[in-house]
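Printed here is run10.cif (mmCIF, C-alpha atoms and all ligand atoms):
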data_model
#
loop_
_atom_site.label_atom_id
_atom_site.label_comp_id
_atom_site.auth_asym_id
_atom_site.auth_seq_id
_atom_site.Cartn_x
_atom_site.Cartn_y
_atom_site.Cartn_z
CA MET A 1 111.48 126.11 86.65
CA THR A 2 114.25 127.02 89.10
CA ARG A 3 117.74 127.34 87.68
CA PRO A 4 120.26 127.85 90.51
CA GLU A 5 123.14 127.76 88.00
CA PRO A 6 123.54 131.25 86.66
CA PHE A 7 122.30 132.54 83.37
CA GLU A 8 124.71 135.06 81.93
CA VAL A 9 121.97 137.69 81.95
CA ILE A 10 118.49 137.89 83.44
CA VAL A 11 116.07 140.48 82.11
CA VAL A 12 113.12 141.36 84.35
CA GLY A 13 110.28 142.50 82.10
CA ALA A 14 108.76 141.25 78.85
CA GLY A 15 107.65 144.53 77.35
CA PRO A 16 109.33 146.15 74.34
CA ALA A 17 112.46 147.05 76.38
CA GLY A 18 113.02 143.64 77.97
CA LEU A 19 112.23 141.67 74.83
CA ALA A 20 114.50 143.81 72.65
CA ALA A 21 117.29 143.35 75.21
CA ALA A 22 116.72 139.58 75.21
CA LEU A 23 116.89 139.42 71.41
CA TYR A 24 120.18 141.32 71.31
CA LEU A 25 121.67 139.20 74.12
CA ALA A 26 120.61 135.94 72.48
CA ARG A 27 122.27 137.10 69.26
CA PHE A 28 125.39 138.00 71.26
CA ARG A 29 125.30 134.26 72.15
CA ARG A 30 124.58 134.92 75.83
CA SER A 31 122.34 132.64 77.86
CA VAL A 32 119.42 134.91 78.71
CA LEU A 33 116.34 134.46 80.85
CA VAL A 34 113.39 136.87 80.71
CA VAL A 35 111.13 136.85 83.78
CA HIS A 36 107.90 138.83 83.72
CA ASP A 37 104.57 139.06 85.54
CA GLY A 38 102.39 139.63 82.48
CA GLN A 39 101.88 143.36 83.13
CA SER A 40 103.45 145.01 80.08
CA ARG A 41 101.65 148.27 79.41
CA ALA A 42 102.01 147.54 75.72
CA LEU A 43 99.47 144.72 76.11
CA ARG A 44 96.79 147.37 76.79
CA ILE A 45 97.23 149.23 73.51
CA PRO A 46 94.23 148.61 71.23
CA LYS A 47 96.25 149.72 68.21
CA THR A 48 99.35 151.87 67.97
CA TYR A 49 100.13 153.95 64.92
CA ASN A 50 103.46 155.45 65.93
CA VAL A 51 105.68 152.37 66.00
CA PRO A 52 107.88 152.80 62.93
CA GLY A 53 107.26 150.16 60.27
CA TYR A 54 103.54 149.67 60.96
CA PRO A 55 101.73 152.41 59.00
CA GLU A 56 98.48 150.41 59.22
CA GLY A 57 98.91 150.19 63.01
CA ILE A 58 99.49 147.17 65.22
CA ALA A 59 97.70 145.94 68.36
CA GLY A 60 99.87 145.88 71.49
CA VAL A 61 99.15 142.18 72.08
CA GLU A 62 100.37 141.32 68.58
CA LEU A 63 103.46 143.49 68.87
CA VAL A 64 104.46 141.88 72.20
CA GLN A 65 103.86 138.42 70.71
CA ARG A 66 106.10 139.24 67.74
CA LEU A 67 108.84 140.59 70.00
CA THR A 68 108.53 137.46 72.18
CA ASP A 69 108.70 135.07 69.21
CA HIS A 70 111.71 136.93 67.84
CA ALA A 71 113.67 136.67 71.10
CA VAL A 72 112.73 133.00 71.59
CA GLU A 73 113.71 132.20 68.01
CA PHE A 74 117.32 133.11 68.86
CA GLY A 75 117.37 131.23 72.19
CA ALA A 76 115.98 133.48 74.95
CA VAL A 77 114.15 131.58 77.72
CA ILE A 78 110.95 133.26 78.95
CA VAL A 79 109.28 132.48 82.26
CA GLU A 80 106.22 134.06 83.90
CA ALA A 81 106.73 134.91 87.58
CA GLN A 82 106.63 137.96 89.78
CA ILE A 83 110.07 138.84 91.13
CA ARG A 84 109.80 139.74 94.80
CA SER A 85 113.49 140.36 95.50
CA ALA A 86 116.74 140.85 93.63
CA GLN A 87 119.96 140.63 95.60
CA ARG A 88 123.68 140.61 95.04
CA SER A 89 125.02 137.09 95.24
CA GLY A 90 128.76 136.59 94.96
CA LYS A 91 129.75 138.55 91.85
CA GLY A 92 126.26 138.28 90.36
CA PHE A 93 122.59 138.46 91.24
CA MET A 94 119.97 136.16 92.74
CA LEU A 95 116.28 136.71 92.00
CA THR A 96 113.45 135.22 94.02
CA SER A 97 109.86 135.09 92.82
CA ALA A 98 106.68 135.52 94.85
CA ASP A 99 106.13 131.74 94.64
CA GLY A 100 109.63 130.97 95.90
CA ARG A 101 111.49 130.16 92.66
CA ARG A 102 115.07 131.41 92.37
CA TRP A 103 117.29 132.26 89.43
CA GLY A 104 120.90 133.44 89.38
CA SER A 105 122.75 135.52 86.79
CA ARG A 106 126.02 137.34 86.22
CA ALA A 107 124.35 140.50 84.87
CA LEU A 108 120.86 141.88 85.33
CA ILE A 109 118.69 144.20 83.22
CA LEU A 110 115.62 145.74 84.85
CA ALA A 111 112.99 146.61 82.24
CA THR A 112 110.14 146.79 84.72
CA GLY A 113 108.11 149.68 83.29
CA ILE A 114 105.71 151.99 85.11
CA ARG A 115 102.17 151.89 86.40
CA LEU A 116 99.62 154.55 85.42
CA ASN A 117 97.68 156.51 88.01
CA GLN A 118 94.22 155.91 86.64
CA VAL A 119 90.75 157.39 86.99
CA ASP A 120 88.40 155.55 89.29
CA LEU A 121 86.32 153.19 87.17
CA PRO A 122 85.66 149.46 87.60
CA HIS A 123 88.50 147.57 85.87
CA ALA A 124 86.39 146.05 83.07
CA GLU A 125 84.72 149.41 82.32
CA HIS A 126 88.08 151.18 82.38
CA GLU A 127 89.68 148.76 79.89
CA ALA A 128 86.57 148.84 77.66
CA ALA A 129 86.80 152.66 77.55
CA ILE A 130 90.46 152.39 76.48
CA ARG A 131 89.50 149.92 73.74
CA ALA A 132 86.64 152.21 72.64
CA ASP A 133 89.18 155.02 72.23
CA ILE A 134 87.32 157.38 74.57
CA LEU A 135 89.83 157.09 77.44
CA ARG A 136 93.49 157.70 76.60
CA TYR A 137 96.58 158.25 78.71
CA CYS A 138 99.25 159.31 76.23
CA PRO A 139 98.89 162.35 73.97
CA VAL A 140 102.29 161.64 72.37
CA CYS A 141 100.99 158.18 71.38
CA ASP A 142 97.59 159.03 69.97
CA GLY A 143 96.91 162.80 69.90
CA TYR A 144 96.99 162.44 66.10
CA GLU A 145 94.00 160.08 66.21
CA HIS A 146 91.95 162.84 67.90
CA ILE A 147 92.36 165.74 65.50
CA ASP A 148 89.48 168.23 65.93
CA SER A 149 87.89 166.09 68.69
CA LYS A 150 86.27 167.55 71.78
CA ILE A 151 88.96 166.66 74.33
CA GLY A 152 88.83 166.66 78.13
CA VAL A 153 91.98 166.57 80.27
CA ILE A 154 91.78 165.69 83.96
CA GLY A 155 94.34 167.16 86.37
CA CYS A 156 94.66 170.87 87.10
CA ASP A 157 98.37 170.91 87.89
CA SER A 158 101.61 171.24 85.89
CA ASN A 159 101.12 167.78 84.42
CA GLY A 160 97.58 168.46 83.27
CA ALA A 161 98.43 171.94 81.97
CA ALA A 162 101.36 170.55 79.94
CA GLU A 163 99.19 167.78 78.51
CA ALA A 164 96.36 170.18 77.57
CA LEU A 165 98.84 172.53 75.87
CA PHE A 166 100.45 169.60 74.03
CA LEU A 167 97.02 168.47 72.75
CA ARG A 168 96.32 171.97 71.45
CA GLN A 169 98.33 170.93 68.38
CA TYR A 170 95.43 168.63 67.50
CA SER A 171 92.24 170.40 68.57
CA ARG A 172 90.84 173.83 69.42
CA ASP A 173 88.26 172.28 71.75
CA ILE A 174 90.08 171.37 74.93
CA THR A 175 88.80 171.55 78.51
CA LEU A 176 91.01 171.10 81.56
CA MET A 177 89.30 169.86 84.74
CA PRO A 178 90.58 169.18 88.24
CA HIS A 179 90.82 165.69 89.67
CA SER A 180 90.27 166.90 93.22
CA HIS A 181 91.37 170.55 93.33
CA SER A 182 93.28 173.03 91.19
CA GLU A 183 96.98 173.69 91.73
CA LEU A 184 97.41 175.89 88.67
CA SER A 185 99.54 179.00 89.06
CA ARG A 186 98.39 182.36 87.74
CA GLU A 187 100.98 182.07 84.92
CA GLN A 188 99.66 178.66 83.92
CA ILE A 189 96.07 179.92 83.87
CA THR A 190 97.14 182.83 81.64
CA GLU A 191 99.04 180.51 79.29
CA LEU A 192 96.08 178.13 79.04
CA ASP A 193 93.72 181.05 78.43
CA GLU A 194 95.95 182.43 75.67
CA ALA A 195 95.99 178.99 74.03
CA GLY A 196 92.17 178.95 74.06
CA ILE A 197 91.94 176.09 76.56
CA ALA A 198 88.90 176.17 78.86
CA VAL A 199 89.64 175.57 82.55
CA VAL A 200 86.65 174.51 84.65
CA GLN A 201 86.46 174.10 88.42
CA GLY A 202 84.86 171.44 90.61
CA ALA A 203 86.27 168.13 91.87
CA LEU A 204 85.65 165.09 89.70
CA ARG A 205 82.55 163.29 90.97
CA SER A 206 82.09 160.58 88.34
CA LEU A 207 82.91 159.46 84.82
CA SER A 208 80.61 157.45 82.63
CA PRO A 209 81.51 156.04 79.24
CA GLN A 210 78.53 156.44 76.88
CA GLY A 211 79.21 154.53 73.68
CA ASP A 212 81.61 156.66 71.66
CA ARG A 213 81.65 159.51 74.22
CA VAL A 214 82.45 159.95 77.87
CA ASP A 215 80.48 162.06 80.35
CA VAL A 216 82.16 163.78 83.26
CA VAL A 217 80.30 165.05 86.31
CA LEU A 218 82.05 167.73 88.37
CA ASP A 219 81.05 169.14 91.75
CA GLY A 220 79.06 172.32 91.34
CA HIS A 221 77.91 171.52 87.78
CA ASP A 222 74.26 170.57 87.18
CA ARG A 223 74.87 168.77 83.93
CA PRO A 224 77.66 166.40 82.84
CA LEU A 225 80.32 167.64 80.45
CA SER A 226 80.53 165.37 77.42
CA PHE A 227 83.74 164.62 75.47
CA ASP A 228 84.85 162.58 72.46
CA VAL A 229 87.92 161.56 74.42
CA LEU A 230 89.28 162.03 77.91
CA TYR A 231 92.97 162.18 78.86
CA PRO A 232 93.60 161.76 82.61
CA ALA A 233 96.97 163.39 83.40
CA LEU A 234 97.47 161.88 86.84
CA GLY A 235 101.12 160.84 86.67
CA THR A 236 102.74 157.43 86.94
CA ARG A 237 104.42 155.14 89.47
CA PRO A 238 107.61 153.63 88.06
CA ARG A 239 108.16 149.99 89.04
CA SER A 240 111.65 150.73 90.37
CA GLU A 241 111.49 148.81 93.69
CA LEU A 242 113.93 146.13 92.51
CA ALA A 243 116.42 148.76 91.34
CA ALA A 244 116.12 150.68 94.62
CA GLY A 245 116.52 147.45 96.60
CA LEU A 246 119.83 146.84 94.84
CA GLY A 247 121.09 150.29 95.82
CA VAL A 248 120.39 152.25 92.62
CA VAL A 249 119.43 155.86 93.37
CA VAL A 250 115.87 156.51 92.30
CA ALA A 251 114.66 160.09 91.58
CA ASP A 252 111.77 161.75 93.43
CA ASP A 253 109.40 160.74 90.63
CA GLY A 254 110.48 157.10 91.07
CA CYS A 255 112.42 156.85 87.79
CA VAL A 256 115.89 155.41 87.40
CA ASP A 257 118.53 157.80 86.04
CA ALA A 258 118.93 157.80 82.23
CA GLY A 259 122.57 156.73 82.55
CA ALA A 260 121.38 153.34 83.88
CA VAL A 261 120.90 152.17 80.29
CA ARG A 262 124.71 152.07 79.97
CA GLN A 263 125.61 151.41 83.60
CA THR A 264 124.34 151.86 87.15
CA SER A 265 126.27 152.31 90.39
CA VAL A 266 125.97 148.51 90.81
CA PRO A 267 128.41 146.59 88.55
CA GLY A 268 126.55 144.37 86.10
CA LEU A 269 123.17 146.05 86.64
CA PHE A 270 121.43 147.95 83.86
CA ALA A 271 117.93 149.39 83.28
CA ALA A 272 115.82 150.01 80.18
CA GLY A 273 112.44 151.34 79.04
CA ASP A 274 109.77 153.32 80.86
CA VAL A 275 111.33 152.71 84.29
CA VAL A 276 114.20 154.94 83.12
CA GLU A 277 113.54 158.69 83.05
CA GLY A 278 112.62 160.08 79.63
CA LEU A 279 109.97 159.62 76.96
CA ASP A 280 107.72 156.62 77.71
CA GLN A 281 107.36 155.18 74.24
CA ILE A 282 107.77 151.80 72.56
CA SER A 283 110.48 153.02 70.16
CA VAL A 284 112.47 154.46 73.06
CA ALA A 285 112.02 151.27 75.11
CA ILE A 286 113.29 149.15 72.20
CA GLY A 287 116.28 151.47 71.79
CA HIS A 288 117.01 151.25 75.52
CA GLY A 289 116.78 147.45 75.34
CA ALA A 290 119.37 147.36 72.55
CA LEU A 291 121.68 149.71 74.45
CA ALA A 292 121.35 147.96 77.82
CA ALA A 293 121.94 144.55 76.21
CA THR A 294 125.05 145.76 74.42
CA SER A 295 126.32 147.38 77.64
CA ALA A 296 125.71 144.13 79.58
CA HIS A 297 127.42 142.06 76.87
CA ASN A 298 130.47 144.35 76.80
CA TRP A 299 130.59 144.39 80.61
CA LEU A 300 130.68 140.56 80.62
CA ARG A 301 133.38 140.56 77.92
CA GLU A 302 135.42 142.95 80.03
CA CYS A 303 134.99 140.77 83.17
CA ASP A 304 136.03 137.68 81.22
CA ARG A 305 139.06 139.45 79.74
CA HIS A 306 140.25 140.24 83.27
CA THR A 307 139.58 136.67 84.37
CA LEU A 308 141.54 135.31 81.39
CA GLN A 309 144.42 137.73 82.02
CA ALA A 310 144.50 136.70 85.69
CA ALA A 311 144.38 133.02 84.74
CA GLY A 312 147.11 133.61 82.14
CA ARG A 313 149.41 135.21 84.73
CA LYS A 314 149.00 132.18 87.00
CA LYS A 315 149.94 129.75 84.24
CA PRO A 316 153.32 128.14 84.77
CA SER A 317 155.72 129.13 82.00
C1 LIG B 1 96.69 152.41 76.76
C2 LIG B 1 98.12 152.64 76.35
C3 LIG B 1 98.39 153.07 75.06
C4 LIG B 1 99.72 153.27 74.68
N1 LIG B 1 99.96 153.62 73.38
C5 LIG B 1 101.24 153.73 72.95
C6 LIG B 1 101.52 154.03 71.59
O1 LIG B 1 100.61 154.16 70.74
N2 LIG B 1 102.83 154.18 71.23
C7 LIG B 1 103.85 154.03 72.11
O2 LIG B 1 105.02 154.16 71.72
N3 LIG B 1 103.61 153.74 73.41
C8 LIG B 1 102.33 153.57 73.86
N4 LIG B 1 102.07 153.28 75.16
C9 LIG B 1 103.23 153.20 76.09
C10 LIG B 1 103.97 151.85 75.93
O3 LIG B 1 103.08 150.80 76.23
C11 LIG B 1 105.18 151.82 76.85
O4 LIG B 1 106.03 152.92 76.60
C12 LIG B 1 105.98 150.53 76.65
O5 LIG B 1 105.19 149.39 76.90
C13 LIG B 1 107.21 150.54 77.58
O6 LIG B 1 107.89 149.32 77.48
P1 LIG B 1 108.70 148.73 78.73
O7 LIG B 1 109.25 147.44 78.24
O8 LIG B 1 109.61 149.74 79.29
O9 LIG B 1 107.60 148.48 79.86
P2 LIG B 1 106.33 147.53 79.83
O10 LIG B 1 105.89 147.24 78.44
O11 LIG B 1 105.32 148.14 80.75
O12 LIG B 1 106.86 146.18 80.46
C14 LIG B 1 107.26 146.07 81.81
C15 LIG B 1 107.51 144.60 82.11
O13 LIG B 1 108.07 144.44 83.40
C16 LIG B 1 107.41 143.37 84.06
N5 LIG B 1 107.63 143.53 85.50
C17 LIG B 1 107.69 144.68 86.24
N6 LIG B 1 107.99 144.42 87.52
C18 LIG B 1 108.11 143.07 87.61
C19 LIG B 1 108.41 142.17 88.67
N7 LIG B 1 108.64 142.60 89.91
N8 LIG B 1 108.45 140.83 88.39
C20 LIG B 1 108.22 140.36 87.14
N9 LIG B 1 107.95 141.18 86.09
C21 LIG B 1 107.89 142.51 86.32
C22 LIG B 1 105.98 143.45 83.57
O14 LIG B 1 105.30 142.22 83.72
C23 LIG B 1 106.24 143.75 82.08
O15 LIG B 1 106.49 142.54 81.39
C24 LIG B 1 100.78 153.07 75.60
C25 LIG B 1 100.48 152.65 76.91
C26 LIG B 1 99.17 152.43 77.27
C27 LIG B 1 98.88 151.96 78.67
#

Conversion result in structure tokens:
Amino acid sequence: MTRPEPFEVIVVGAGPAGLAAALYLARFRRSVLVVHDGQSRALRIPKTYNVPGYPEGIAGVELVQRLTDHAVEFGAVIVEAQIRSAQRSGKGFMLTSADGRRWGSRALILATGIRLNQVDLPHAEHEAAIRADILRYCPVCDGYEHIDSKIGVIGCDSNGAAEALFLRQYSRDITLMPHSHSELSREQITELDEAGIAVVQGALRSLSPQGDRVDVVLDGHDRPLSFDVLYPALGTRPRSELAAGLGVVVADDGCVDAGAVRQTSVPGLFAAGDVVEGLDQISVAIGHGALAATSAHNWLRECDRHTLQAAGRKKPS
């Protein structure tokens, strides 16, 4: 479907941030289109236990479906397409998809998320290891589920050191391993040592999921190291290309500034969720969605107030 006439707001992204924004906008009685390319990270969560209100846990697929149904119930339109470019058009925005469809809007919310830097495993094996709970990427999300487990962390740099130290709250048995080489400073090695975290050397040669465990082979080690769970700490790549293309300043790590939830340097453009710097969590993404939607709604109200005032002044008395 191509709709050249503008929606009031387009949201790019149908993860927790984009869908929460769409719900709020629909309830603010705005015409809202959500465009997404089916890549919400939330869809990969076997079961999350830290989304408030779900003490028994909820699968990511089910959560996204509920958020989708909720937004649609109040009038949001949802379309699957990959947005290739977003440009200013008059006072608004024009989005073009990879297959050539175009949509216009007065305001735009980018809730485009991030991509994980992952360990090198065939896709199906990688996703099966996530589902089997032996490969995890987010200690904040699921460290609790691995209390007293034998935990491996991959990445001997500041990221990996911070993740290993964070996980120390849950287990005494933590081993930090390099991905290719170690970049740990002497201070970091001392801190890890004092926390009782083992640091081993040798570039990662291979990983092999083995039922409910995962084996790791490192250069220079005869035998694999075996873990209950492995946390690669290899960083992320925010999907901020659309924001950057519209002139929003993107930080060195690729994230959009936190202020973008309320406004960006581009009038009518807002951002929400993981693509914004801060804690990459569902609750935060939903909060961002609510804030960005309310900011967009108030921005439109303000524009319309000026338009009405201008029209009023022109009225013959
Ligand atoms: C394995 C795993 C487990 C996790 N566990 C938890 C957990 O237990 N608790 C928790 O709070 N968090 C967890 N997370 C993190 C959580 O998934 C994210 O914080 C959350 O999904 C962020 O929401 P978001 O809407 O910002 O981004 P996403 O959910 O990633 O959504 C981004 C959206 O943008 C769309 N998009 C991006 N670019 C384009 C484009 N150019 N064109 C069209 N569409 C585009 C994508 O298709 C997608 O719909 C986990 C993540 C993973 C991978």

Closest of A:Leu204, A:Cys138, A:Ala42, A:Glu194 to His181 (chain A) - atom-to-atom distances counting all atoms listed in the file: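 Ranking A:Leu204, A:Cys138, A:Ala42, A:Glu194 by distance to His181 (chain A), first place goes to A:Leu204.
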
Contacts of region 241-250 of chain A at 8 Å (only C-alpha atoms; same-chain gap of 6+ positions) as a VMD selection string: chain A and resid 84 to 88 110 256 to 257 264 to 266

Return the single residue from A:Leu63, A:Ala111, A:Ala76, A:Cys156 that is closest to Asp37 (chain A), with distances computed using all atoms listed in the file.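 Of A:Leu63, A:Ala111, A:Ala76, A:Cys156, the one nearest Asp37 (chain A) is A:Ala111, counting all atoms listed in the file.
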
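Closest approach to ligand LIG 1 (chain B) among A:Ala258, A:Ala17, A:Val140, A:Ile189 is made by A:Ala17 (distances from all atoms listed in the file).
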
Counting all atoms listed in the file, the residue of A:Asp193, A:Asp219, A:Asp133, A:Asp173 that sits nearest ligand LIG 1 (chain B): A:Asp133

Which neighbours of Val35 (chain A) fall inside 9 Å, counting all atoms listed in the file, when residues of the same chain fewer than 5 positions from it are skipped, and could you give them as a PyMOL selection string? chain A and resi 10-14+77-83

Once you count all atoms listed in the file, which residues end up no further than 10 Å from (110.4, 157.6, 85.6) in the file's frame, shown as a PyMOL selection string? chain A and resi 113-114+235-240+250-258+273-280

Minimum-distance residue to Glu183 (chain A), chosen among A:Ser158, A:Tyr231, A:Val217, A:Ser295 (using all atoms listed in the file):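 Once distances to Glu183 (chain A) are computed over all atoms listed in the file, the minimum belongs to A:Ser158.
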
Pick from A:Leu165, A:Leu25, A:Leu207, A:Leu43 nearest to ligand LIG 1 (chain B), counting all atoms listed in the file: A:Leu43

Report the distance between CA of Ala310 (chain A) and CA of Glu8 (chain A) in Å, rounded to one decimal place.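 A separation of 20.2 Å between them.
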
Would you mind listing what lies within 12 Å of Leu184 (chain A) as a ChimeraX atom specification, with only C-alpha atoms counted and same-chain residues fewer than 3 positions away left out? /A:155-162,176-178,181,187-192,199-201

Edge lengths and centre, in Å to one decimal, as AutoDock Vina command-line options: that's what I need for the box along x, y and z that holds all listed atoms of region 265-273 of chain A plus 8 Å on each side.
--center_x 120.4 --center_y 148.3 --center_z 84.9 --size_x 32.0 --size_y 23.9 --size_z 27.8

Reconstruct all heavy atoms of region 116-125 of chain A; output as a PDB file, in the frame of the given file.
ATOM      1  N   LEU A 116     100.351 153.284  85.594  1.00  0.00           N
ATOM      2  CA  LEU A 116      99.620 154.550  85.420  1.00  0.00           C
ATOM      3  C   LEU A 116      98.801 154.857  86.665  1.00  0.00           C
ATOM      4  O   LEU A 116      98.230 153.942  87.261  1.00  0.00           O
ATOM      5  CB  LEU A 116      98.622 154.416  84.272  1.00  0.00           C
ATOM      6  CG  LEU A 116      99.132 154.346  82.853  1.00  0.00           C
ATOM      7  CD1 LEU A 116      97.958 154.051  81.920  1.00  0.00           C
ATOM      8  CD2 LEU A 116      99.796 155.658  82.470  1.00  0.00           C
ATOM      9  N   ASN A 117      98.715 156.109  87.047  1.00  0.00           N
ATOM     10  CA  ASN A 117      97.680 156.510  88.010  1.00  0.00           C
ATOM     11  C   ASN A 117      96.405 156.722  87.194  1.00  0.00           C
ATOM     12  O   ASN A 117      96.371 157.555  86.294  1.00  0.00           O
ATOM     13  CB  ASN A 117      98.083 157.812  88.714  1.00  0.00           C
ATOM     14  CG  ASN A 117      99.273 157.601  89.619  1.00  0.00           C
ATOM     15  OD1 ASN A 117      99.496 156.495  90.116  1.00  0.00           O
ATOM     16  ND2 ASN A 117     100.064 158.637  89.827  1.00  0.00           N
ATOM     17  N   GLN A 118      95.404 155.956  87.501  1.00  0.00           N
ATOM     18  CA  GLN A 118      94.220 155.910  86.640  1.00  0.00           C
ATOM     19  C   GLN A 118      93.010 156.580  87.287  1.00  0.00           C
ATOM     20  O   GLN A 118      92.975 156.764  88.504  1.00  0.00           O
ATOM     21  CB  GLN A 118      93.878 154.451  86.351  1.00  0.00           C
ATOM     22  CG  GLN A 118      95.010 153.731  85.658  1.00  0.00           C
ATOM     23  CD  GLN A 118      94.691 152.305  85.292  1.00  0.00           C
ATOM     24  OE1 GLN A 118      95.417 151.705  84.528  1.00  0.00           O
ATOM     25  NE2 GLN A 118      93.622 151.758  85.827  1.00  0.00           N
ATOM     26  N   VAL A 119      92.022 156.898  86.446  1.00  0.00           N
ATOM     27  CA  VAL A 119      90.750 157.390  86.990  1.00  0.00           C
ATOM     28  C   VAL A 119      90.006 156.214  87.605  1.00  0.00           C
ATOM     29  O   VAL A 119      90.242 155.060  87.262  1.00  0.00           O
ATOM     30  CB  VAL A 119      89.877 158.066  85.915  1.00  0.00           C
ATOM     31  CG1 VAL A 119      90.400 159.432  85.582  1.00  0.00           C
ATOM     32  CG2 VAL A 119      89.748 157.196  84.676  1.00  0.00           C
ATOM     33  N   ASP A 120      89.106 156.559  88.514  1.00  0.00           N
ATOM     34  CA  ASP A 120      88.400 155.550  89.290  1.00  0.00           C
ATOM     35  C   ASP A 120      87.193 155.013  88.529  1.00  0.00           C
ATOM     36  O   ASP A 120      86.141 155.619  88.522  1.00  0.00           O
ATOM     37  CB  ASP A 120      87.971 156.229  90.612  1.00  0.00           C
ATOM     38  CG  ASP A 120      87.462 155.223  91.602  1.00  0.00           C
ATOM     39  OD1 ASP A 120      87.771 154.033  91.410  1.00  0.00           O
ATOM     40  OD2 ASP A 120      86.748 155.625  92.537  1.00  0.00           O
ATOM     41  N   LEU A 121      87.415 153.891  87.864  1.00  0.00           N
ATOM     42  CA  LEU A 121      86.320 153.190  87.170  1.00  0.00           C
ATOM     43  C   LEU A 121      86.522 151.708  87.438  1.00  0.00           C
ATOM     44  O   LEU A 121      87.666 151.267  87.580  1.00  0.00           O
ATOM     45  CB  LEU A 121      86.437 153.400  85.648  1.00  0.00           C
ATOM     46  CG  LEU A 121      85.822 154.621  84.999  1.00  0.00           C
ATOM     47  CD1 LEU A 121      86.101 154.603  83.499  1.00  0.00           C
ATOM     48  CD2 LEU A 121      84.317 154.688  85.230  1.00  0.00           C
ATOM     49  N   PRO A 122      85.459 150.909  87.483  1.00  0.00           N
ATOM     50  CA  PRO A 122      85.660 149.460  87.600  1.00  0.00           C
ATOM     51  C   PRO A 122      86.584 148.975  86.484  1.00  0.00           C
ATOM     52  O   PRO A 122      86.509 149.483  85.354  1.00  0.00           O
ATOM     53  CB  PRO A 122      84.248 148.894  87.454  1.00  0.00           C
ATOM     54  CG  PRO A 122      83.335 150.024  87.786  1.00  0.00           C
ATOM     55  CD  PRO A 122      84.052 151.284  87.395  1.00  0.00           C
ATOM     56  N   HIS A 123      87.448 147.983  86.801  1.00  0.00           N
ATOM     57  CA  HIS A 123      88.500 147.570  85.870  1.00  0.00           C
ATOM     58  C   HIS A 123      87.955 147.285  84.458  1.00  0.00           C
ATOM     59  O   HIS A 123      88.485 147.800  83.473  1.00  0.00           O
ATOM     60  CB  HIS A 123      89.234 146.332  86.423  1.00  0.00           C
ATOM     61  CG  HIS A 123      90.301 145.842  85.505  1.00  0.00           C
ATOM     62  ND1 HIS A 123      91.498 146.534  85.309  1.00  0.00           N
ATOM     63  CD2 HIS A 123      90.356 144.757  84.685  1.00  0.00           C
ATOM     64  CE1 HIS A 123      92.234 145.880  84.434  1.00  0.00           C
ATOM     65  NE2 HIS A 123      91.572 144.801  84.038  1.00  0.00           N
ATOM     66  N   ALA A 124      86.889 146.462  84.386  1.00  0.00           N
ATOM     67  CA  ALA A 124      86.390 146.050  83.070  1.00  0.00           C
ATOM     68  C   ALA A 124      85.907 147.275  82.282  1.00  0.00           C
ATOM     69  O   ALA A 124      86.153 147.407  81.075  1.00  0.00           O
ATOM     70  CB  ALA A 124      85.260 145.042  83.228  1.00  0.00           C
ATOM     71  N   GLU A 125      85.242 148.209  82.977  1.00  0.00           N
ATOM     72  CA  GLU A 125      84.720 149.410  82.320  1.00  0.00           C
ATOM     73  C   GLU A 125      85.871 150.301  81.848  1.00  0.00           C
ATOM     74  O   GLU A 125      85.844 150.889  80.762  1.00  0.00           O
ATOM     75  CB  GLU A 125      83.844 150.163  83.326  1.00  0.00           C
ATOM     76  CG  GLU A 125      82.754 150.969  82.682  1.00  0.00           C
ATOM     77  CD  GLU A 125      81.843 151.590  83.732  1.00  0.00           C
ATOM     78  OE1 GLU A 125      81.700 151.029  84.835  1.00  0.00           O
ATOM     79  OE2 GLU A 125      81.312 152.663  83.444  1.00  0.00           O
TER      80      GLU A 125
END
